[in-house]
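coords-v5.cif, holding mmCIF, C-alpha atoms:
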data_input
#
loop_
_atom_site.group_PDB
_atom_site.id
_atom_site.type_symbol
_atom_site.label_atom_id
_atom_site.label_comp_id
_atom_site.auth_asym_id
_atom_site.auth_seq_id
_atom_site.Cartn_x
_atom_site.Cartn_y
_atom_site.Cartn_z
ATOM 1 C CA MET A 38 5.193 -19.058 20.041
ATOM 2 C CA ARG A 39 8.402 -21.082 19.921
ATOM 3 C CA VAL A 40 11.433 -19.321 21.334
ATOM 4 C CA ALA A 41 15.180 -19.745 21.413
ATOM 5 C CA GLU A 42 17.405 -18.913 24.339
ATOM 6 C CA THR A 43 20.128 -16.320 23.873
ATOM 7 C CA ALA A 44 22.563 -14.476 26.086
ATOM 8 C CA GLY A 45 21.519 -11.101 27.488
ATOM 9 C CA ARG A 46 18.356 -9.050 27.601
ATOM 10 C CA LEU A 47 16.710 -8.281 24.281
ATOM 11 C CA SER A 48 14.445 -5.588 22.894
ATOM 12 C CA CYS A 49 12.628 -4.959 19.619
ATOM 13 C CA GLU A 50 11.736 -1.514 18.303
ATOM 14 C CA TYR A 51 8.865 -2.980 16.313
ATOM 15 C CA LEU A 52 7.178 -3.978 19.550
ATOM 16 C CA SER A 53 8.028 -0.659 21.185
ATOM 17 C CA ASP A 54 6.910 2.005 18.727
ATOM 18 C CA THR A 55 5.753 0.542 15.395
ATOM 19 C CA LEU A 56 2.375 -0.663 14.119
ATOM 20 C CA THR A 57 2.674 -3.083 11.188
ATOM 21 C CA VAL A 58 -0.609 -3.457 9.298
ATOM 22 C CA LEU A 59 -1.006 -6.265 6.772
ATOM 23 C CA CYS A 60 -3.208 -5.918 3.711
ATOM 24 C CA ASP A 61 -6.059 -7.870 5.326
ATOM 25 C CA GLY A 62 -6.092 -5.497 8.305
ATOM 26 C CA ASN A 63 -4.286 -7.782 10.722
ATOM 27 C CA VAL A 64 -1.666 -6.102 12.888
ATOM 28 C CA THR A 65 1.598 -7.978 13.320
ATOM 29 C CA CYS A 66 5.031 -6.973 14.594
ATOM 30 C CA GLY A 67 8.002 -6.122 12.420
ATOM 31 C CA LEU A 68 8.738 -7.485 8.969
ATOM 32 C CA ASP A 69 9.423 -11.146 9.737
ATOM 33 C CA ASP A 70 5.876 -12.517 9.551
ATOM 34 C CA PRO A 71 5.439 -13.448 5.864
ATOM 35 C CA ASN A 72 2.514 -15.771 6.508
ATOM 36 C CA GLY A 73 0.616 -13.387 8.774
ATOM 37 C CA THR A 74 0.588 -15.814 11.686
ATOM 38 C CA ARG A 75 1.182 -13.243 14.443
ATOM 39 C CA SER A 76 -1.830 -11.040 15.053
ATOM 40 C CA PHE A 77 -2.528 -8.514 17.798
ATOM 41 C CA GLY A 78 -5.926 -7.712 16.325
ATOM 42 C CA ASN A 79 -7.451 -6.408 13.114
ATOM 43 C CA ILE A 80 -8.026 -2.724 12.366
ATOM 44 C CA LYS A 81 -11.201 -3.616 10.465
ATOM 45 C CA VAL A 82 -12.919 -4.597 13.695
ATOM 46 C CA SER A 83 -10.830 -3.091 16.540
ATOM 47 C CA SER A 84 -9.503 0.374 17.274
ATOM 48 C CA VAL A 85 -5.794 1.123 16.997
ATOM 49 C CA ASP A 86 -5.781 2.000 20.699
ATOM 50 C CA ALA A 87 -7.299 -1.358 21.689
ATOM 51 C CA ILE A 88 -4.831 -3.254 19.519
ATOM 52 C CA TRP A 89 -1.841 -1.289 20.817
ATOM 53 C CA ARG A 90 -2.850 -2.162 24.398
ATOM 54 C CA ASP A 91 -3.245 -5.901 23.631
ATOM 55 C CA ILE A 92 -1.582 -7.946 26.367
ATOM 56 C CA ARG A 93 0.265 -10.065 23.804
ATOM 57 C CA TYR A 94 2.609 -7.133 23.134
ATOM 58 C CA GLY A 95 3.620 -7.212 26.781
ATOM 59 C CA GLU A 96 4.049 -10.976 26.733
ATOM 60 C CA ARG A 97 6.416 -10.838 23.778
ATOM 61 C CA LYS A 98 8.327 -7.937 25.279
ATOM 62 C CA GLN A 99 8.749 -9.874 28.538
ATOM 63 C CA ARG A 100 10.100 -12.913 26.695
ATOM 64 C CA LEU A 101 12.701 -10.725 25.002
ATOM 65 C CA THR A 102 13.636 -9.197 28.350
ATOM 66 C CA GLU A 103 14.315 -12.731 29.551
ATOM 67 C CA GLY A 104 16.577 -13.353 26.560
ATOM 68 C CA ARG A 105 14.129 -15.521 24.617
ATOM 69 C CA THR A 106 13.803 -14.706 20.932
ATOM 70 C CA CYS A 107 10.666 -15.006 18.818
ATOM 71 C CA ASP A 108 10.786 -17.978 16.460
ATOM 72 C CA GLY A 109 11.751 -17.067 12.908
ATOM 73 C CA CYS A 110 12.527 -13.426 13.715
ATOM 74 C CA SER A 111 15.917 -11.711 13.880
ATOM 75 C CA LEU A 112 14.825 -8.096 14.418
ATOM 76 C CA HIS A 113 15.693 -7.986 18.128
ATOM 77 C CA HIS A 114 18.868 -6.489 19.593
ATOM 78 C CA VAL A 115 20.789 -6.934 22.826
ATOM 79 C CA VAL A 116 20.220 -4.191 25.396
ATOM 80 C CA GLN A 117 23.064 -2.784 27.459
ATOM 81 C CA GLY A 118 21.864 -0.678 30.376
ATOM 82 C CA VAL A 119 18.316 0.593 30.819
ATOM 83 C CA MET A 120 15.574 -1.238 28.915
ATOM 84 C CA PRO A 121 13.700 1.059 26.509
ATOM 85 C CA GLU A 122 10.136 1.941 27.458
ATOM 86 C CA ARG A 123 7.235 1.126 25.171
ATOM 87 C CA VAL A 124 5.503 4.276 23.945
ATOM 88 C CA SER A 125 1.834 4.888 24.713
ATOM 89 C CA ALA A 126 0.858 5.025 21.022
ATOM 90 C CA PRO A 127 2.597 4.013 17.782
ATOM 91 C CA ARG A 128 5.041 6.512 16.280
ATOM 92 C CA ARG A 129 5.658 4.631 13.063
ATOM 93 C CA LEU A 130 3.343 2.857 10.618
ATOM 94 C CA ILE A 131 4.304 0.054 8.269
ATOM 95 C CA VAL A 132 1.478 -0.445 5.792
ATOM 96 C CA GLU A 133 1.321 -3.455 3.508
ATOM 97 C CA ALA A 134 -0.994 -2.184 0.764
ATOM 98 C CA THR A 135 -1.088 -5.567 -0.956
ATOM 99 C CA VAL A 136 0.585 -8.951 -0.844
ATOM 100 C CA VAL A 137 0.431 -9.177 -4.665
ATOM 101 C CA CYS A 138 3.794 -8.804 -6.402
ATOM 102 C CA ASN A 139 4.984 -8.594 -10.008
ATOM 103 C CA ILE A 140 8.329 -10.323 -9.447
ATOM 104 C CA ARG A 141 9.234 -13.730 -8.119
ATOM 105 C CA CYS A 142 11.982 -13.443 -5.520
ATOM 106 C CA GLN A 143 13.719 -16.723 -4.792
ATOM 107 C CA ASN A 144 12.963 -17.148 -1.092
ATOM 108 C CA ASP A 145 10.496 -19.227 0.902
ATOM 109 C CA ALA A 146 8.353 -16.288 2.047
ATOM 110 C CA CYS A 147 7.782 -15.000 -1.470
ATOM 111 C CA PHE A 148 7.195 -18.475 -2.902
ATOM 112 C CA LYS A 149 4.195 -18.913 -0.624
ATOM 113 C CA ASN A 150 2.839 -15.385 -1.070
ATOM 114 C CA ASN A 151 3.073 -15.662 -4.865
ATOM 115 C CA ASP A 152 1.466 -19.103 -5.058
ATOM 116 C CA PRO A 153 -2.223 -18.737 -6.068
ATOM 117 C CA SER A 154 -3.023 -21.994 -4.282
ATOM 118 C CA GLU A 155 -1.801 -20.555 -0.956
ATOM 119 C CA GLN A 156 -3.645 -17.966 1.141
ATOM 120 C CA THR A 157 -1.454 -16.056 3.600
ATOM 121 C CA ARG A 158 -3.908 -13.146 3.939
ATOM 122 C CA ALA A 159 -7.697 -13.097 4.317
ATOM 123 C CA SER A 160 -7.751 -10.435 1.578
ATOM 124 C CA ARG A 161 -5.050 -9.344 -0.868
ATOM 125 C CA PHE A 162 -5.610 -5.562 -0.875
ATOM 126 C CA LEU A 163 -6.019 -3.118 2.008
ATOM 127 C CA PRO A 164 -9.331 -1.234 1.541
ATOM 128 C CA LEU A 165 -8.977 2.524 1.140
ATOM 129 C CA ASP A 166 -11.579 3.259 3.818
ATOM 130 C CA VAL A 167 -9.674 1.079 6.303
ATOM 131 C CA PHE A 168 -6.471 2.970 5.504
ATOM 132 C CA LYS A 169 -8.268 6.307 6.005
ATOM 133 C CA SER A 170 -9.522 5.141 9.395
ATOM 134 C CA LEU A 171 -5.997 4.049 10.336
ATOM 135 C CA LEU A 172 -4.637 7.505 9.506
ATOM 136 C CA ASP A 173 -7.433 9.256 11.408
ATOM 137 C CA GLN A 174 -6.773 7.174 14.515
ATOM 138 C CA THR A 175 -3.015 7.772 14.460
ATOM 139 C CA ALA A 176 -3.064 11.405 13.315
ATOM 140 C CA SER A 177 -1.641 12.887 16.508
ATOM 141 C CA GLY A 178 1.338 10.626 17.070
ATOM 142 C CA VAL A 179 2.722 8.948 13.961
ATOM 143 C CA GLU A 180 5.942 10.480 12.626
ATOM 144 C CA PHE A 181 6.784 8.057 9.812
ATOM 145 C CA THR A 182 4.792 5.919 7.409
ATOM 146 C CA TRP A 183 6.275 3.245 5.175
ATOM 147 C CA PHE A 184 4.387 1.441 2.412
ATOM 148 C CA LEU A 185 6.276 -1.832 2.424
ATOM 149 C CA ASN A 186 6.486 -5.424 3.648
ATOM 150 C CA TYR A 187 5.450 -8.110 1.162
ATOM 151 C CA GLY A 188 3.941 -7.254 -2.213
ATOM 152 C CA GLU A 189 4.340 -4.277 -4.560
ATOM 153 C CA PRO A 190 2.359 -1.242 -3.249
ATOM 154 C CA PHE A 191 1.665 0.126 -6.724
ATOM 155 C CA LEU A 192 -0.168 -3.023 -7.750
ATOM 156 C CA HIS A 193 -2.930 -1.891 -5.399
ATOM 157 C CA PRO A 194 -5.787 -0.653 -7.654
ATOM 158 C CA GLN A 195 -6.063 2.510 -5.512
ATOM 159 C CA ALA A 196 -2.346 3.043 -4.961
ATOM 160 C CA GLU A 197 -2.436 6.700 -5.951
ATOM 161 C CA ASP A 198 -5.387 7.323 -3.631
ATOM 162 C CA LEU A 199 -3.412 5.773 -0.764
ATOM 163 C CA ARG A 200 -0.473 8.035 -1.559
ATOM 164 C CA VAL A 201 -2.587 11.177 -1.808
ATOM 165 C CA ARG A 202 -4.460 10.363 1.386
ATOM 166 C CA ARG A 203 -1.201 9.917 3.317
ATOM 167 C CA SER A 204 0.307 13.079 1.820
ATOM 168 C CA THR A 205 -2.791 15.054 2.762
ATOM 169 C CA ALA A 206 -2.635 13.738 6.320
ATOM 170 C CA CYS A 207 0.962 14.974 6.561
ATOM 171 C CA VAL A 208 0.243 18.572 5.536
ATOM 172 C CA GLY A 209 1.005 21.046 8.311
ATOM 173 C CA SER A 210 2.707 18.505 10.539
ATOM 174 C CA ALA A 211 6.173 17.154 11.215
ATOM 175 C CA ARG A 212 5.199 13.680 10.094
ATOM 176 C CA ARG A 213 7.024 12.177 7.162
ATOM 177 C CA SER A 214 5.970 9.611 4.619
ATOM 178 C CA VAL A 215 7.693 7.646 1.888
ATOM 179 C CA SER A 216 4.793 8.300 -0.479
ATOM 180 C CA SER A 217 6.854 10.549 -2.774
ATOM 181 C CA ALA A 218 9.491 7.844 -3.060
ATOM 182 C CA PHE A 219 6.869 5.347 -4.146
ATOM 183 C CA ARG A 220 5.569 7.827 -6.691
ATOM 184 C CA ARG A 221 9.068 7.960 -8.225
ATOM 185 C CA ARG A 222 9.125 4.161 -8.327
ATOM 186 C CA LEU A 223 6.456 4.263 -11.032
ATOM 187 C CA CYS A 224 9.112 5.495 -13.435
ATOM 188 C CA SER A 225 12.323 3.919 -12.128
ATOM 189 C CA GLY A 226 13.735 0.588 -11.086
ATOM 190 C CA ALA A 227 12.960 -0.273 -7.463
ATOM 191 C CA THR A 228 14.319 -2.732 -4.954
ATOM 192 C CA CYS A 229 12.322 -5.369 -3.111
ATOM 193 C CA SER A 230 12.362 -4.445 0.589
ATOM 194 C CA SER A 231 12.665 -8.030 1.767
ATOM 195 C CA THR A 232 15.209 -9.451 -0.691
ATOM 196 C CA GLY A 233 17.145 -6.628 -2.350
ATOM 197 C CA THR A 234 15.963 -7.783 -5.798
ATOM 198 C CA THR A 235 15.654 -4.983 -8.363
ATOM 199 C CA ARG A 236 12.260 -4.675 -9.993
ATOM 200 C CA PRO A 237 12.103 -4.014 -13.751
ATOM 201 C CA ARG A 238 11.813 -0.407 -14.886
ATOM 202 C CA ARG A 239 8.248 0.633 -15.757
ATOM 203 C CA SER A 240 6.928 3.445 -17.891
ATOM 204 C CA PRO A 241 4.672 6.107 -16.312
ATOM 205 C CA THR A 242 0.990 5.842 -17.156
#
Could the structure of this file be written out as C-alpha cells, please?
Amino acid sequence: MRVAETAGRLSCEYLSDTLTVLCDGNVTCGLDDPNGTRSFGNIKVSSVDAIWRDIRYGERKQRLTEGRTCDGCSLHHVVQGVMPERVSAPRRLIVEATVVCNIRCQNDACFKNNDPSEQTRASRFLPLDVFKSLLDQTASGVEFTWFLNYGEPFLHPQAEDLRVRRSTACVGSARRSVSSAFRRRLCSGATCSSTGTTRPRRSPT
C-alpha cells in the first residue's frame, strides 16, 4: 500500500464502523476501491467476524493515525482531540449488488468496470444466498444498509429479492435500509453514486 504524508492524525469511518462488500464477496474499505484491489477477506469463504478482526484493518488505521494516507483514497479526515475507537462489529453495510452498469460515466474507474475485456471482480453479481448469510451474520448490530458503490443495483437479476430480503431483516428493529429508495428508482431518474451522473428514466415493469 503506497501512502502519502500529511499533517495531523487521520481517521476513516469506513475502517471504524462500515463493512463494504463487493459483488464478488470481497470485503474492501470505503468507496474508493474501483478495481477491488484492497481485500480484508471474502464473505463466501470467511465469517464476517473473522474478516472484521483481520489485522490489516488495524494496520491501515495505524498508518492513518501516523498521518499517512492510503493511496488513491480521500475518505479520511483530520482528527482533533481523542481518536475514535473502532467498534467491535460493523454498524453499517455497503453492498455492491453488481458491477454491471447501464450508463457510461466519463471517469477512469467506470471505464475499466464497463470494459468487457477487463475483469475487476471475480464475479459480476452478488449471489442471493451470500447476501442472506451476510444479513444473518450482522443481524444484531447493523443500523444502515446501502446498495451502492459501482454498478446499477437493479441490473442484478434478483434485485427485488435482495430488496425484499433486506426489508424483511429490518422488520421489528431500528435498522434502516435504502431499499425503498431503490424501489422508487425503477420508475424515476437516479443519480450515479460515484459521479453524480443522472441515469435515464425507466418505466416500471
Task: Chain and number of each residue from the PyMOL selection byres ((chain A and resi 169) around 12), as a PyMOL selection string - done: chain A and resi 80-81+132+163-168+170-176+198-206
Residues within 8 Å of Thr55 (chain A), please, as an mmCIF file with C-alpha atoms, in the frame of the given file. Count only C-alpha atoms; anything in the same chain fewer than 2 positions from it doesn't count.
data_model
loop_
_atom_site.group_PDB
_atom_site.id
_atom_site.type_symbol
_atom_site.label_atom_id
_atom_site.label_comp_id
_atom_site.auth_asym_id
_atom_site.auth_seq_id
_atom_site.Cartn_x
_atom_site.Cartn_y
_atom_site.Cartn_z
ATOM 1 C CA GLU A 50 11.736 -1.514 18.303
ATOM 2 C CA TYR A 51 8.865 -2.980 16.313
ATOM 3 C CA LEU A 52 7.178 -3.978 19.550
ATOM 4 C CA SER A 53 8.028 -0.659 21.185
ATOM 5 C CA THR A 57 2.674 -3.083 11.188
ATOM 6 C CA CYS A 66 5.031 -6.973 14.594
ATOM 7 C CA GLY A 67 8.002 -6.122 12.420
ATOM 8 C CA PRO A 127 2.597 4.013 17.782
ATOM 9 C CA ARG A 128 5.041 6.512 16.280
ATOM 10 C CA ARG A 129 5.658 4.631 13.063
ATOM 11 C CA LEU A 130 3.343 2.857 10.618
ATOM 12 C CA ILE A 131 4.304 0.054 8.269
#
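CA of Phe77 (chain A) is found 11.0 Å from CA of Gly95 (chain A).
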Task: Picked residues, the PyMOL selection byres ((chain A and resi 126) around 9), expected as a PyMOL selection string - done: chain A and resi 54-55+85-86+89-90+123-125+127-128+175+178-179
Task: Point-to-point distance in Å for CA of Phe184 (chain A) and CA of Met120 (chain A) - done: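 Between these atoms lies a distance of 28.9 Å.
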Taking only residues of region 113-180 of chain A that have an atom at most 9 Å from an atom of region 69-72 of chain A, what is each one's shortest atom pair and its distance in Å to one decimal, using only C-alpha atoms, in chain and number order, as a Markdown table?
| residue | atom | partner | partner_atom | distance |
| --- | --- | --- | --- | --- |
| A:Ala146 | CA | A:Pro71 | CA | 5.6 |
| A:Cys147 | CA | A:Pro71 | CA | 7.9 |
| A:Lys149 | CA | A:Asn72 | CA | 8.0 |
| A:Asn150 | CA | A:Asn72 | CA | 7.6 |
| A:Gln156 | CA | A:Asn72 | CA | 8.5 |
| A:Thr157 | CA | A:Asn72 | CA | 4.9 |
| A:Arg158 | CA | A:Asn72 | CA | 7.4 |
Would you save the residues of that selection, restricted to C-alpha atoms, as a PDB file, in the frame of the given file?
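Below you can see out.pdb, which holds the result:
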ATOM      1  CA  ALA A 146       8.353 -16.288   2.047  1.00  0.00           C
ATOM      2  CA  CYS A 147       7.782 -15.000  -1.470  1.00  0.00           C
ATOM      3  CA  LYS A 149       4.195 -18.913  -0.624  1.00  0.00           C
ATOM      4  CA  ASN A 150       2.839 -15.385  -1.070  1.00  0.00           C
ATOM      5  CA  GLN A 156      -3.645 -17.966   1.141  1.00  0.00           C
ATOM      6  CA  THR A 157      -1.454 -16.056   3.600  1.00  0.00           C
ATOM      7  CA  ARG A 158      -3.908 -13.146   3.939  1.00  0.00           C
TER       8      ARG A 158
END
Open item on the list: Please determine, counting all atoms listed in the file, which residue among A:Gly62, A:Gly78, A:Pro121, A:Gly109 has the shortest atom-to-atom distance to Leu47 (chain A).
Closed with: A:Pro121
TODO: Taking the point (-6.2, -8.2, 5.7) as given in the file, collect each protein or nucleic acid residue that comes within 6 Å of it, counting all atoms listed in the file, and present the set as a PyMOL selection string.
DONE: chain A and resi 59-63+158-160
Keeping C-alpha atoms, export the residues of the selection given above as a short mmCIF file (atom, residue, chain, number, x, y, z; two decimals), in the coordinates of the input.
data_model
loop_
_atom_site.label_atom_id
_atom_site.label_comp_id
_atom_site.auth_asym_id
_atom_site.auth_seq_id
_atom_site.Cartn_x
_atom_site.Cartn_y
_atom_site.Cartn_z
CA LEU A 59 -1.01 -6.26 6.77
CA CYS A 60 -3.21 -5.92 3.71
CA ASP A 61 -6.06 -7.87 5.33
CA GLY A 62 -6.09 -5.50 8.30
CA ASN A 63 -4.29 -7.78 10.72
CA ARG A 158 -3.91 -13.15 3.94
CA ALA A 159 -7.70 -13.10 4.32
CA SER A 160 -7.75 -10.44 1.58
#
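Taking CA of Leu56 (chain A) and CA of Glu155 (chain A) as endpoints, the distance between them is 25.3 Å.
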Would you compute an axis-aligned box for region 67-84 of chain A, covering every atom listed for it in the file with 4 Å of margin on each side, and report centre and edge lengths in Å to one decimal as JSON?
{"center_x": -1.7, "center_y": -7.7, "center_z": 11.8, "size_x": 30.3, "size_y": 24.2, "size_z": 19.9}
TODO: Mind checking which residues fall within 6 Å of Val136 (chain A), counting all atoms listed in the file, ignoring those fewer than 2 positions away in the same chain, and posting them as a list of chain:residue names?
DONE: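 Residues meeting the cut-off are A:Arg161, A:Tyr187, A:Gly188.
Proximity ranking of A:Leu68, A:Val116, A:Cys138, A:Cys49 relative to Pro190 (chain A) places A:Cys138 first, based on all atoms listed in the file.
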